[in-house]
2 protein chains.
Amino acid sequence: MHVASVTRLPLADPSLNFQHVASACKADVTCANCNLRELCLPRGLCDADMQRVENIVYVRRRIKRGETLFNAGEQFNSIYAVRVGFFKTSVIDNDGREQVMGFFMGGELLGMDGVGSGCYNGTATALEDSEVCVMPFSLIEDMASRIRALQRNLHSVLAREIVRDHGVMMLLGSMCAEERLAAFLLNLSQRFTARGYSPSEFVLRMTREEIGSFLGLKLETVSRVFSKFQNAGLVAVQQKHIRITDIPGLREIVGQTR
Amino acid sequence: MHVASVTRLPLADPSLNFQHVASACKADVTCANCNLRELCLPRGLCDADMQRVENIVYVRRRIKRGETLFNAGEQFNSIYAVRVGFFKTSVIDNDGREQVMGFFMGGELLGMDGVGSGCYNGTATALEDSEVCVMPFSLIEDMASRIRALQRNLHSVLAREIVRDHGVMMLLGSMCAEERLAAFLLNLSQRFTARGYSPSEFVLRMTREEIGSFLGLKLETVSRVFSKFQNAGLVAVQQKHIRITDIPGLREIVGQTR
DNA sequence: CGCCAACTTGATGGCTGTCAAGTCAGGTGG
DNA sequence: CCACCTGACTTGACAGCCATCAAGTTGGCG
């Protein structure tokens, strides 16, 4: 799998005083020249609006693999756009059971679950060394009230998160293990494709346990289904390296009755 | 269970030309004097803002039991607030399997899944004779850009739908049948309470099959768990009439390690 | 009164969870 | 450079929960 080359950004001006100075850096790559622009919040903005929008991202933040971007219960201030890397979001219930809510890659937004209550509802954890654009939500709201296209995009992004969740609910509520994993792989494939990567070959950044948690399965079941798919000639699995060899075959599994 | 007395509203002025004249009626109960105000979109608005907001609802619509408010794939124009009645939303996948995404009662909003794509993602079906406030989304966006408190509420409502969905994902992904049904009953109880009804006694408007679909279970399993709860002295079930006799007991089931 | 949808309950089976043992890969330190 | 260690993964055996199939029962409605 390709690893996007990370532009090294200078550290923030020390006169700026924000929470994570150590891992934060001033944005010199603007939205206007970001290659993820069309997948992200400013999607489709005209040049004039793009100019007005770009100081939404007044800072970036680097998150090392295994570290959290925000934790459940923390005060909500900003939403985040993944610029480089890969995240999971999860919620721990009062019995200590973790449920992974989703996986997030370049251009996707994190933290919107905090808008309603003022606290993040879940935790976002980097699954590889990552970098995010920090977008203070009050600033977004302010700009959204003045830039109609941005307002539209914000609403779209929130609503699409709802639709995404409905897809997951469908998966969890009415699909068997094979269907779930096939749907999961196809979804990843499609998202990698949208980012210019191979639709059929990629590295999973998450463990079998995290996949299982997301899909409502145990890690052994995930492993078994991978093996079964491999024997059926649908994929070539070598640990975290996945090559899908029969996309139509996976589609058939998702679509099939049962 | 109490059945809210429905204010009969006059039919719309025939000079107004909208899609569902037969079942639509002009709004004469305004947001300002609606008893669901504090559960709905205009929640917490000051009097001045409330005045400006109320023509968001320029029409109401009545939906008979079994009829749909909107269908998956239809063009999205409005979101709806339940004023009287009870709805389910659901999505049918390409195998014809229905997944119920949620149940909605007075003051709750429907149709927000259409904001992103321009089409409703699911179908909303009335489970009893119902009435909704129709709120054209372009109008909402327009007002939201001018009334800061409304903008805030709109974002809250969208985000809370995300958090609600995450709760369902947790339920589907990591709970056994008893935990799911207990959580479901407690959730209903809490929502009825917020509306001034009894926390412990209510009528289920949906069938066992619909509950099952929502909870990722088969109807027989739902029925069996109801019987088990009844034998354990947690609830008294008589068809759709439910009386919860031991709320702490249900809480313990949801919280307990499996 | 009779019909039908919704519901309940029983018997059985299968999918997936659980427990256990072993393999693999990557990283660390001698 | 290799041995070792550890976390992640794979695979097998077995069990339990829930789905499936089937046969009644109930209650509402024409």
# chains A, B, ... in the order shown; residues from 1 in each chain; ligands from 1
>>> interface_residues(of="chain D", to="chain B", cutoff="10 Å", atoms="only C-alpha atoms (C1' of nucleotides)", output="list in words")
DC17, DC18, DA19, DT20, DT26 and DG27 of chain D
>>> write_last_selection(atoms="C-alpha atoms (C1' of nucleotides)", output="short mmCIF file (atom, residue, chain, number, x, y, z; two decimals), in the first residue's frame")
data_model
loop_
_atom_site.label_atom_id
_atom_site.label_comp_id
_atom_site.auth_asym_id
_atom_site.auth_seq_id
_atom_site.Cartn_x
_atom_site.Cartn_y
_atom_site.Cartn_z
"C1'" DC D 17 -27.85 -18.37 22.05
"C1'" DC D 18 -30.88 -17.31 18.85
"C1'" DA D 19 -33.07 -18.52 14.23
"C1'" DT D 20 -36.03 -21.55 12.06
"C1'" DT D 26 -55.58 -14.39 21.35
"C1'" DG D 27 -57.94 -10.29 20.13
#
>>> closest_atom_pairs(of="chain A", to="chain B", cutoff="8 Å", atoms="only C-alpha atoms", output="JSON lines")
{"residue": "A:Val91", "atom": "CA", "partner": "B:Met170", "partner_atom": "CA", "distance": 8.0}
{"residue": "A:Asn94", "atom": "CA", "partner": "B:Gly255", "partner_atom": "CA", "distance": 6.6}
{"residue": "A:Asp95", "atom": "CA", "partner": "B:Thr257", "partner_atom": "CA", "distance": 5.9}
{"residue": "A:Arg97", "atom": "CA", "partner": "B:Ser174", "partner_atom": "CA", "distance": 7.5}
{"residue": "A:Gln99", "atom": "CA", "partner": "B:Met170", "partner_atom": "CA", "distance": 5.9}
{"residue": "A:Met101", "atom": "CA", "partner": "B:His166", "partner_atom": "CA", "distance": 6.8}
{"residue": "A:Met112", "atom": "CA", "partner": "B:Ala159", "partner_atom": "CA", "distance": 6.4}
{"residue": "A:Asp113", "atom": "CA", "partner": "B:Ala159", "partner_atom": "CA", "distance": 5.5}
{"residue": "A:Gly114", "atom": "CA", "partner": "B:Ala159", "partner_atom": "CA", "distance": 7.1}
{"residue": "A:Val115", "atom": "CA", "partner": "B:Ala159", "partner_atom": "CA", "distance": 5.7}
{"residue": "A:Gly116", "atom": "CA", "partner": "B:Ser156", "partner_atom": "CA", "distance": 3.9}
{"residue": "A:Ser117", "atom": "CA", "partner": "B:Ser156", "partner_atom": "CA", "distance": 7.4}
{"residue": "A:Asn121", "atom": "CA", "partner": "B:Val163", "partner_atom": "CA", "distance": 7.0}
{"residue": "A:Glu141", "atom": "CA", "partner": "B:Gln151", "partner_atom": "CA", "distance": 7.9}
{"residue": "A:Ala144", "atom": "CA", "partner": "B:Ser145", "partner_atom": "CA", "distance": 7.2}
{"residue": "A:Ser145", "atom": "CA", "partner": "B:Ser145", "partner_atom": "CA", "distance": 4.2}
{"residue": "A:Arg146", "atom": "CA", "partner": "B:Ser145", "partner_atom": "CA", "distance": 6.8}
{"residue": "A:Gln151", "atom": "CA", "partner": "B:Glu141", "partner_atom": "CA", "distance": 7.9}
{"residue": "A:His155", "atom": "CA", "partner": "B:Val115", "partner_atom": "CA", "distance": 6.7}
{"residue": "A:Ser156", "atom": "CA", "partner": "B:Gly116", "partner_atom": "CA", "distance": 3.9}
{"residue": "A:Val157", "atom": "CA", "partner": "B:Gly116", "partner_atom": "CA", "distance": 6.6}
{"residue": "A:Leu158", "atom": "CA", "partner": "B:Leu158", "partner_atom": "CA", "distance": 6.5}
{"residue": "A:Ala159", "atom": "CA", "partner": "B:Gly116", "partner_atom": "CA", "distance": 5.1}
{"residue": "A:Arg160", "atom": "CA", "partner": "B:Gly116", "partner_atom": "CA", "distance": 5.3}
{"residue": "A:Glu161", "atom": "CA", "partner": "B:Ile162", "partner_atom": "CA", "distance": 7.0}
{"residue": "A:Ile162", "atom": "CA", "partner": "B:Ile162", "partner_atom": "CA", "distance": 5.5}
{"residue": "A:Val163", "atom": "CA", "partner": "B:Asp113", "partner_atom": "CA", "distance": 5.9}
{"residue": "A:Asp165", "atom": "CA", "partner": "B:Asp165", "partner_atom": "CA", "distance": 6.3}
{"residue": "A:His166", "atom": "CA", "partner": "B:Met101", "partner_atom": "CA", "distance": 6.8}
{"residue": "A:Val168", "atom": "CA", "partner": "B:Met169", "partner_atom": "CA", "distance": 7.3}
{"residue": "A:Met169", "atom": "CA", "partner": "B:Met169", "partner_atom": "CA", "distance": 5.9}
{"residue": "A:Met170", "atom": "CA", "partner": "B:Gln99", "partner_atom": "CA", "distance": 5.9}
{"residue": "A:Leu172", "atom": "CA", "partner": "B:Leu172", "partner_atom": "CA", "distance": 5.9}
{"residue": "A:Gly173", "atom": "CA", "partner": "B:Gly216", "partner_atom": "CA", "distance": 4.1}
{"residue": "A:Ser174", "atom": "CA", "partner": "B:Gly216", "partner_atom": "CA", "distance": 6.2}
{"residue": "A:Ser213", "atom": "CA", "partner": "B:Gly173", "partner_atom": "CA", "distance": 7.1}
{"residue": "A:Phe214", "atom": "CA", "partner": "B:Gly173", "partner_atom": "CA", "distance": 7.3}
{"residue": "A:Leu215", "atom": "CA", "partner": "B:Gly173", "partner_atom": "CA", "distance": 6.8}
{"residue": "A:Gly216", "atom": "CA", "partner": "B:Gly173", "partner_atom": "CA", "distance": 4.1}
{"residue": "A:Leu217", "atom": "CA", "partner": "B:Gly173", "partner_atom": "CA", "distance": 7.6}
{"residue": "A:Gly255", "atom": "CA", "partner": "B:Asp95", "partner_atom": "CA", "distance": 6.4}
{"residue": "A:Gln256", "atom": "CA", "partner": "B:Asp95", "partner_atom": "CA", "distance": 6.8}
{"residue": "A:Thr257", "atom": "CA", "partner": "B:Asp95", "partner_atom": "CA", "distance": 5.8}
>>> interface_residues(of="chain B", to="chain C", cutoff="12 Å", atoms="only C-alpha atoms (C1' of nucleotides)", output="list in words")
Ser174, Cys176, Met206, Thr207, Arg208, Glu209, Glu210, Leu219, Glu220, Thr221, Val222, Ser223, Arg224, Val225, Phe226, Ser227, Lys228, Val237, Gln238, Gln239 and Lys240 of chain B
>>> select_by_dssp(residues="range 101-227 of chain B", states="helix (DSSP H, G or I)", output="number ranges by chain")
B: 112-114, 137-144, 148-174, 177-194, 208-215, 219-227
>>> atom_distance(atom1="CA of Gly233 in chain B", atom2="CA of Ser200 in chain B")
13.4 Å
>>> atom_distance(atom1="CA of Ser78 in chain B", atom2="CA of Ala124 in chain B")
12.9 Å
>>> residues_around(residues="Ile63 in chain B", least_positions_apart="6", cutoff="6 Å", atoms="only C-alpha atoms (C1' of nucleotides)", output="list in words")
Asp129, Ser130 and Glu131 of chain B
>>> select_by_dssp(residues="range 124-222 of chain B", states="strand (DSSP E or B)", output="PyMOL selection string")
chain B and resi 124-126+130-136+201-203
>>> residues_around(residues="Arg251 in chain A", least_positions_apart="5", cutoff="10 Å", atoms="only C-alpha atoms (C1' of nucleotides)", output="PDB file with N, CA and C atoms, in the first residue's frame")
ATOM      1  N   GLU A 179     -21.517 -11.712   5.244  1.00  0.00           N
ATOM      2  CA  GLU A 179     -22.031 -10.495   4.614  1.00  0.00           C
ATOM      3  C   GLU A 179     -21.390  -9.265   5.240  1.00  0.00           C
ATOM      4  N   ALA A 182     -17.753  -8.913   4.066  1.00  0.00           N
ATOM      5  CA  ALA A 182     -17.713  -8.548   2.643  1.00  0.00           C
ATOM      6  C   ALA A 182     -18.097  -7.080   2.472  1.00  0.00           C
ATOM      7  N   ALA A 183     -19.151  -6.658   3.160  1.00  0.00           N
ATOM      8  CA  ALA A 183     -19.577  -5.257   3.068  1.00  0.00           C
ATOM      9  C   ALA A 183     -18.475  -4.333   3.575  1.00  0.00           C
ATOM     10  N   LEU A 185     -15.209  -4.864   3.576  1.00  0.00           N
ATOM     11  CA  LEU A 185     -14.100  -4.792   2.623  1.00  0.00           C
ATOM     12  C   LEU A 185     -14.476  -3.939   1.415  1.00  0.00           C
ATOM     13  N   LEU A 186     -15.680  -4.102   0.931  1.00  0.00           N
ATOM     14  CA  LEU A 186     -16.114  -3.301  -0.217  1.00  0.00           C
ATOM     15  C   LEU A 186     -16.161  -1.822   0.145  1.00  0.00           C
ATOM     16  N   ASP A 246     -11.620 -10.740  -6.156  1.00  0.00           N
ATOM     17  CA  ASP A 246     -12.930 -10.956  -6.802  1.00  0.00           C
ATOM     18  C   ASP A 246     -13.979 -10.017  -6.195  1.00  0.00           C
ATOM     19  N   GLN A 256     -26.614 -11.271  -1.450  1.00  0.00           N
ATOM     20  CA  GLN A 256     -27.334 -12.537  -1.465  1.00  0.00           C
ATOM     21  C   GLN A 256     -28.326 -12.663  -0.315  1.00  0.00           C
TER      22      GLN A 256
END
>>> atom_distance(atom1="CA of Glu74 in chain B", atom2="CA of Thr123 in chain B")
9.1 Å
